[in-house]
Amino acid sequence: MILNKVARFYGKQIGFFGNRSIQFTANNNQSLYLIGTKRHFTTQQQQQQQQQPQQPKKEELKSKPKEDKNTEEKEKEKDKENEGENVNEENEEKGGKNKFGIKIPPFFTFITASTLAVGMFVVTGAYFIYTFKKDISEEERYRLSSMEAKFNDSIAEPFRGYFDNIFENLRTKYEFFDMLFGPGKIHKVLPPPLPGGKKYTLVIDIDALTEITKTSKYPTLYKRAGLDFFLDHLRKDYEVYLYFNQNIPQNKYDQLQFKIDTNGKYFTGVLHPETGIKERNQFSKKIEMLDRDPSKVIFIDAAAPYNHPNVINIGKFKSNSKDKILIELLPILEAFTKKNVDDVRPEIARFHNIEKQSLSKNLEDYTATNNLANNRQKK
């Protein structure tokens, strides 16, 4: 016990216990310090360096701002996520209110989700029916099983026909359908031309030839001046088709055609609005549907003026007016066939300018320039 106390007392005095340091003098005139518990010697310079704070290196100083920025950005992102989670939790606590404070009942969300699911199911089913065995050859059709053939004949083909009909009607009414989906499939409305037949085709709107009154059960028809003479001469070199517009009831087609062409010798055939030859009360520029050379097709219309390279717009006929437009137009149309004009469109453009003087005056100038009246008198 006595020895322990002496050792502790002596140790405290020389620095073995505690944090005291004792100075000694070395041979090279440097002071040495004995640090208590660590039991090692240091010079005075080393001790001063240990006491001074260490300065960070330049590379560490440069990297610290970048690290600080990255950490700040990460902390901001975490704060945003936490805010979003808090908002969602608050909405759930409020009973499904959105940012406008409107409470959305669960029944409404259920109805919306159900409607979307049913819509996707219907669209998928319709697409499957529409594309089922579409555009298959006769040989492939013959190889179908009895169930596939029955499904194709009774469901798929009628559905395709119904859908295509609706789509074509929308395409004819709205131009942006062609812009979105491209030009539609062209259906031929006339039979193929006969070999060695007439080269030129003339389609005439019934309003350009007659005036029809609707005051009684049986409509009264007034013919334009020179109508029979006009048609009788053109039928020799032209395929002449009469077009019934949408203003004419379908049950009156035969009756009106008989009044215009009693002997059935003027017209090659009749065209109806269902053929699509007119779109938005204007003759279509898709002349390919006639299955004739577009450079040898002429339309005679009575609608409001519009630009069309194949159209001659002579206006509606009124029975109380003195009208000679058919007589004035006849020698020009006859000249097209006799001269065997390769393309009638440039010739039509020479006298049919809707922005300048009247058509009657243009026809007179064209006739005089080409000496068509003198040629006709000689014949």
# chains A, B, ... in the order shown; residues from 1 in each chain; ligands from 1
call {"tool": "residues_around", "arguments": {"residues": "Ile155 of chain A", "least_positions_apart": "4", "cutoff": "10 Å", "atoms": "only C-alpha atoms", "output": "PDB file with N, CA and C atoms, in the first residue's frame"}}
result
ATOM      1  N   ILE A 129     -62.564  -7.674 -85.235  1.00  0.00           N
ATOM      2  CA  ILE A 129     -63.596  -8.044 -86.212  1.00  0.00           C
ATOM      3  C   ILE A 129     -63.286  -7.430 -87.576  1.00  0.00           C
ATOM      4  N   TYR A 130     -62.852  -6.168 -87.595  1.00  0.00           N
ATOM      5  CA  TYR A 130     -62.591  -5.491 -88.866  1.00  0.00           C
ATOM      6  C   TYR A 130     -61.437  -6.137 -89.630  1.00  0.00           C
ATOM      7  N   PHE A 132     -60.404  -9.269 -89.325  1.00  0.00           N
ATOM      8  CA  PHE A 132     -60.504 -10.726 -89.404  1.00  0.00           C
ATOM      9  C   PHE A 132     -60.626 -11.162 -90.867  1.00  0.00           C
ATOM     10  N   ALA A 149     -65.598 -19.358 -91.730  1.00  0.00           N
ATOM     11  CA  ALA A 149     -66.350 -18.849 -92.878  1.00  0.00           C
ATOM     12  C   ALA A 149     -67.675 -18.236 -92.443  1.00  0.00           C
ATOM     13  N   LYS A 150     -68.337 -18.861 -91.494  1.00  0.00           N
ATOM     14  CA  LYS A 150     -69.609 -18.340 -90.999  1.00  0.00           C
ATOM     15  C   LYS A 150     -69.415 -17.002 -90.288  1.00  0.00           C
ATOM     16  N   PHE A 151     -68.365 -16.906 -89.466  1.00  0.00           N
ATOM     17  CA  PHE A 151     -68.077 -15.650 -88.755  1.00  0.00           C
ATOM     18  C   PHE A 151     -67.703 -14.539 -89.734  1.00  0.00           C
ATOM     19  N   PHE A 159     -69.728  -5.859 -90.958  1.00  0.00           N
ATOM     20  CA  PHE A 159     -69.171  -4.816 -90.089  1.00  0.00           C
ATOM     21  C   PHE A 159     -68.180  -3.940 -90.856  1.00  0.00           C
ATOM     22  N   ARG A 160     -67.324  -4.569 -91.675  1.00  0.00           N
ATOM     23  CA  ARG A 160     -66.373  -3.783 -92.477  1.00  0.00           C
ATOM     24  C   ARG A 160     -67.102  -2.858 -93.457  1.00  0.00           C
TER      25      ARG A 160
END
call {"tool": "closest_residue", "arguments": {"among": "A:Leu333, A:Ala117, A:Leu202, A:Ile260", "to": "Ile298 of chain A", "atoms": "only C-alpha atoms"}}
result
A:Leu202
call {"tool": "atom_distance", "arguments": {"atom1": "atom CA of Arg235 of chain A", "atom2": "atom CA of Tyr218 of chain A"}}
result
28.6 Å
call {"tool": "atom_distance", "arguments": {"atom1": "atom CA of Tyr238 of chain A", "atom2": "atom CA of His187 of chain A"}}
result
22.5 Å
call {"tool": "residues_around", "arguments": {"residues": "segment 291-293 of chain A", "least_positions_apart": "3", "cutoff": "12 Å", "atoms": "only C-alpha atoms", "output": "list in words"}}
result
Ile186, His187, Lys188, Val189, Leu190, Pro191, Pro192, Pro193, Leu194, Gly197, Lys198, Lys199, Tyr200, Thr201, Leu202, Val203, Glu239, Ile277, Lys286, Ile287, Glu288, Lys296, Val297, Ile298, Asn310, Asp342, Asp343, Val344 and Arg345 of chain A
call {"tool": "select_by_dssp", "arguments": {"residues": "segment 195-291 of chain A", "states": "strand (DSSP E)", "output": "count of residues only"}}
result
27
call {"tool": "closest_residue", "arguments": {"among": "A:Ser154, A:Thr268, A:Ser146, A:Ser319", "to": "Leu209 of chain A", "atoms": "only C-alpha atoms"}}
result
A:Ser319
call {"tool": "residues_around", "arguments": {"residues": "Lys236 of chain A", "least_positions_apart": "5", "cutoff": "10 Å", "atoms": "only C-alpha atoms", "output": "tab-separated table (two decimals) with all heavy atoms, in the first residue's frame"}}
result
chain	number	residue	atom	x	y	z
A	198	LYS	N	-66.45	6.07	-127.64
A	198	LYS	CA	-66.28	7.52	-127.65
A	198	LYS	C	-65.19	7.93	-126.67
A	198	LYS	O	-65.12	7.43	-125.55
A	198	LYS	CB	-67.61	8.19	-127.30
A	198	LYS	CG	-68.73	7.83	-128.27
A	198	LYS	CD	-70.08	8.32	-127.78
A	198	LYS	CE	-71.18	7.85	-128.72
A	198	LYS	NZ	-72.53	8.24	-128.26
A	231	LEU	N	-78.25	18.40	-127.02
A	231	LEU	CA	-77.98	17.00	-126.68
A	231	LEU	C	-77.93	16.11	-127.93
A	231	LEU	O	-77.14	15.16	-127.99
A	231	LEU	CB	-79.06	16.49	-125.72
A	231	LEU	CG	-79.08	17.14	-124.33
A	231	LEU	CD1	-80.25	16.61	-123.52
A	231	LEU	CD2	-77.77	16.87	-123.59
A	266	TYR	N	-80.55	10.41	-125.76
A	266	TYR	CA	-79.57	11.44	-125.45
A	266	TYR	C	-78.50	10.97	-124.46
A	266	TYR	O	-77.31	11.23	-124.65
A	266	TYR	CB	-80.26	12.68	-124.87
A	266	TYR	CG	-81.18	13.39	-125.84
A	266	TYR	CD1	-82.26	14.14	-125.37
A	266	TYR	CD2	-80.99	13.33	-127.22
A	266	TYR	CE1	-83.12	14.80	-126.24
A	266	TYR	CE2	-81.84	13.98	-128.10
A	266	TYR	CZ	-82.90	14.70	-127.60
A	266	TYR	OH	-83.75	15.35	-128.48
A	334	GLU	N	-68.21	20.85	-129.82
A	334	GLU	CA	-68.04	20.09	-131.06
A	334	GLU	C	-66.62	20.24	-131.60
A	334	GLU	O	-66.05	19.28	-132.15
A	334	GLU	CB	-69.04	20.57	-132.11
A	334	GLU	CG	-70.47	20.14	-131.84
A	334	GLU	CD	-71.42	20.60	-132.92
A	334	GLU	OE1	-71.16	21.67	-133.51
A	334	GLU	OE2	-72.43	19.92	-133.19
call {"tool": "residues_around", "arguments": {"residues": "Asp135 of chain A", "least_positions_apart": "5", "cutoff": "12 Å", "atoms": "only C-alpha atoms", "output": "count of residues only"}}
result
7
call {"tool": "atom_distance", "arguments": {"atom1": "atom CA of Lys214 of chain A", "atom2": "atom CA of Leu234 of chain A"}}
result
29.6 Å
call {"tool": "residues_around", "arguments": {"residues": "Gly269 of chain A", "least_positions_apart": "5", "cutoff": "8 Å", "atoms": "only C-alpha atoms", "output": "VMD selection string"}}
result
chain A and resid 240 to 242
call {"tool": "select_by_dssp", "arguments": {"residues": "segment 258-370 of chain A", "states": "helix (DSSP H, G or I)", "output": "ChimeraX atom specification"}}
result
/A:258-260,273-275,287-290,294-296,325-338,344-351,359-369
call {"tool": "decode", "arguments": {"residues": "segment 115-151 of chain A", "atoms": "N, CA and C atoms", "output": "short mmCIF file (atom, residue, chain, number, x, y, z; two decimals), in the first residue's frame"}}
result
data_model
loop_
_atom_site.label_atom_id
_atom_site.label_comp_id
_atom_site.auth_asym_id
_atom_site.auth_seq_id
_atom_site.Cartn_x
_atom_site.Cartn_y
_atom_site.Cartn_z
N THR A 115 -65.75 3.02 -67.49
CA THR A 115 -66.01 3.47 -68.85
C THR A 115 -64.77 3.32 -69.74
N LEU A 116 -63.62 3.70 -69.19
CA LEU A 116 -62.38 3.55 -69.96
C LEU A 116 -62.08 2.09 -70.25
N ALA A 117 -62.31 1.23 -69.28
CA ALA A 117 -62.04 -0.20 -69.48
C ALA A 117 -62.97 -0.78 -70.54
N VAL A 118 -64.26 -0.42 -70.48
CA VAL A 118 -65.22 -0.92 -71.47
C VAL A 118 -64.89 -0.37 -72.86
N GLY A 119 -64.49 0.93 -72.92
CA GLY A 119 -64.13 1.51 -74.20
C GLY A 119 -62.95 0.81 -74.85
N MET A 120 -61.91 0.52 -74.05
CA MET A 120 -60.75 -0.20 -74.58
C MET A 120 -61.15 -1.59 -75.06
N PHE A 121 -62.04 -2.25 -74.32
CA PHE A 121 -62.49 -3.59 -74.71
C PHE A 121 -63.26 -3.54 -76.03
N VAL A 122 -64.14 -2.53 -76.19
CA VAL A 122 -64.94 -2.41 -77.41
C VAL A 122 -64.05 -2.10 -78.61
N VAL A 123 -63.09 -1.18 -78.43
CA VAL A 123 -62.20 -0.82 -79.53
C VAL A 123 -61.35 -2.01 -79.96
N THR A 124 -60.85 -2.75 -78.99
CA THR A 124 -60.05 -3.95 -79.31
C THR A 124 -60.88 -4.98 -80.06
N GLY A 125 -62.12 -5.19 -79.59
CA GLY A 125 -62.99 -6.15 -80.27
C GLY A 125 -63.35 -5.72 -81.68
N ALA A 126 -63.63 -4.41 -81.86
CA ALA A 126 -63.96 -3.90 -83.19
C ALA A 126 -62.78 -4.04 -84.15
N TYR A 127 -61.58 -3.76 -83.65
CA TYR A 127 -60.39 -3.91 -84.49
C TYR A 127 -60.20 -5.37 -84.90
N PHE A 128 -60.44 -6.29 -83.99
CA PHE A 128 -60.30 -7.71 -84.31
C PHE A 128 -61.32 -8.13 -85.37
N ILE A 129 -62.56 -7.67 -85.23
CA ILE A 129 -63.60 -8.04 -86.21
C ILE A 129 -63.29 -7.43 -87.58
N TYR A 130 -62.85 -6.17 -87.59
CA TYR A 130 -62.59 -5.49 -88.87
C TYR A 130 -61.44 -6.14 -89.63
N THR A 131 -60.41 -6.56 -88.93
CA THR A 131 -59.23 -7.13 -89.59
C THR A 131 -59.31 -8.64 -89.78
N PHE A 132 -60.40 -9.27 -89.32
CA PHE A 132 -60.50 -10.73 -89.40
C PHE A 132 -60.63 -11.16 -90.87
N LYS A 133 -59.62 -11.88 -91.36
CA LYS A 133 -59.61 -12.44 -92.72
C LYS A 133 -59.89 -11.37 -93.77
N LYS A 134 -59.33 -10.18 -93.57
CA LYS A 134 -59.56 -9.10 -94.52
C LYS A 134 -58.63 -9.26 -95.73
N ASP A 135 -59.14 -8.97 -96.91
CA ASP A 135 -58.37 -9.00 -98.16
C ASP A 135 -57.72 -10.36 -98.41
N ILE A 136 -58.47 -11.40 -98.16
CA ILE A 136 -57.94 -12.74 -98.45
C ILE A 136 -58.35 -13.14 -99.87
N SER A 137 -57.59 -14.01 -100.44
CA SER A 137 -57.89 -14.47 -101.80
C SER A 137 -59.00 -15.51 -101.78
N GLU A 138 -59.48 -15.85 -102.95
CA GLU A 138 -60.54 -16.86 -103.04
C GLU A 138 -60.05 -18.22 -102.59
N GLU A 139 -58.79 -18.51 -102.88
CA GLU A 139 -58.23 -19.79 -102.44
C GLU A 139 -58.16 -19.87 -100.91
N GLU A 140 -57.74 -18.77 -100.27
CA GLU A 140 -57.70 -18.75 -98.81
C GLU A 140 -59.11 -18.80 -98.22
N ARG A 141 -60.04 -18.16 -98.88
CA ARG A 141 -61.42 -18.23 -98.40
C ARG A 141 -61.96 -19.66 -98.48
N TYR A 142 -61.57 -20.37 -99.51
CA TYR A 142 -62.04 -21.75 -99.66
C TYR A 142 -61.47 -22.65 -98.55
N ARG A 143 -60.28 -22.31 -98.06
CA ARG A 143 -59.64 -23.15 -97.04
C ARG A 143 -60.11 -22.84 -95.62
N LEU A 144 -60.97 -21.84 -95.44
CA LEU A 144 -61.45 -21.51 -94.10
C LEU A 144 -62.31 -22.64 -93.56
N SER A 145 -62.26 -22.80 -92.24
CA SER A 145 -63.13 -23.78 -91.60
C SER A 145 -64.57 -23.28 -91.63
N SER A 146 -65.49 -24.17 -91.31
CA SER A 146 -66.91 -23.78 -91.38
C SER A 146 -67.23 -22.66 -90.38
N MET A 147 -66.61 -22.71 -89.19
CA MET A 147 -66.86 -21.67 -88.19
C MET A 147 -66.26 -20.33 -88.62
N GLU A 148 -65.02 -20.35 -89.17
CA GLU A 148 -64.39 -19.12 -89.64
C GLU A 148 -65.16 -18.50 -90.80
N ALA A 149 -65.60 -19.36 -91.73
CA ALA A 149 -66.35 -18.85 -92.88
C ALA A 149 -67.68 -18.24 -92.44
N LYS A 150 -68.34 -18.86 -91.49
CA LYS A 150 -69.61 -18.34 -91.00
C LYS A 150 -69.41 -17.00 -90.29
N PHE A 151 -68.37 -16.91 -89.47
CA PHE A 151 -68.08 -15.65 -88.75
C PHE A 151 -67.70 -14.54 -89.73
#
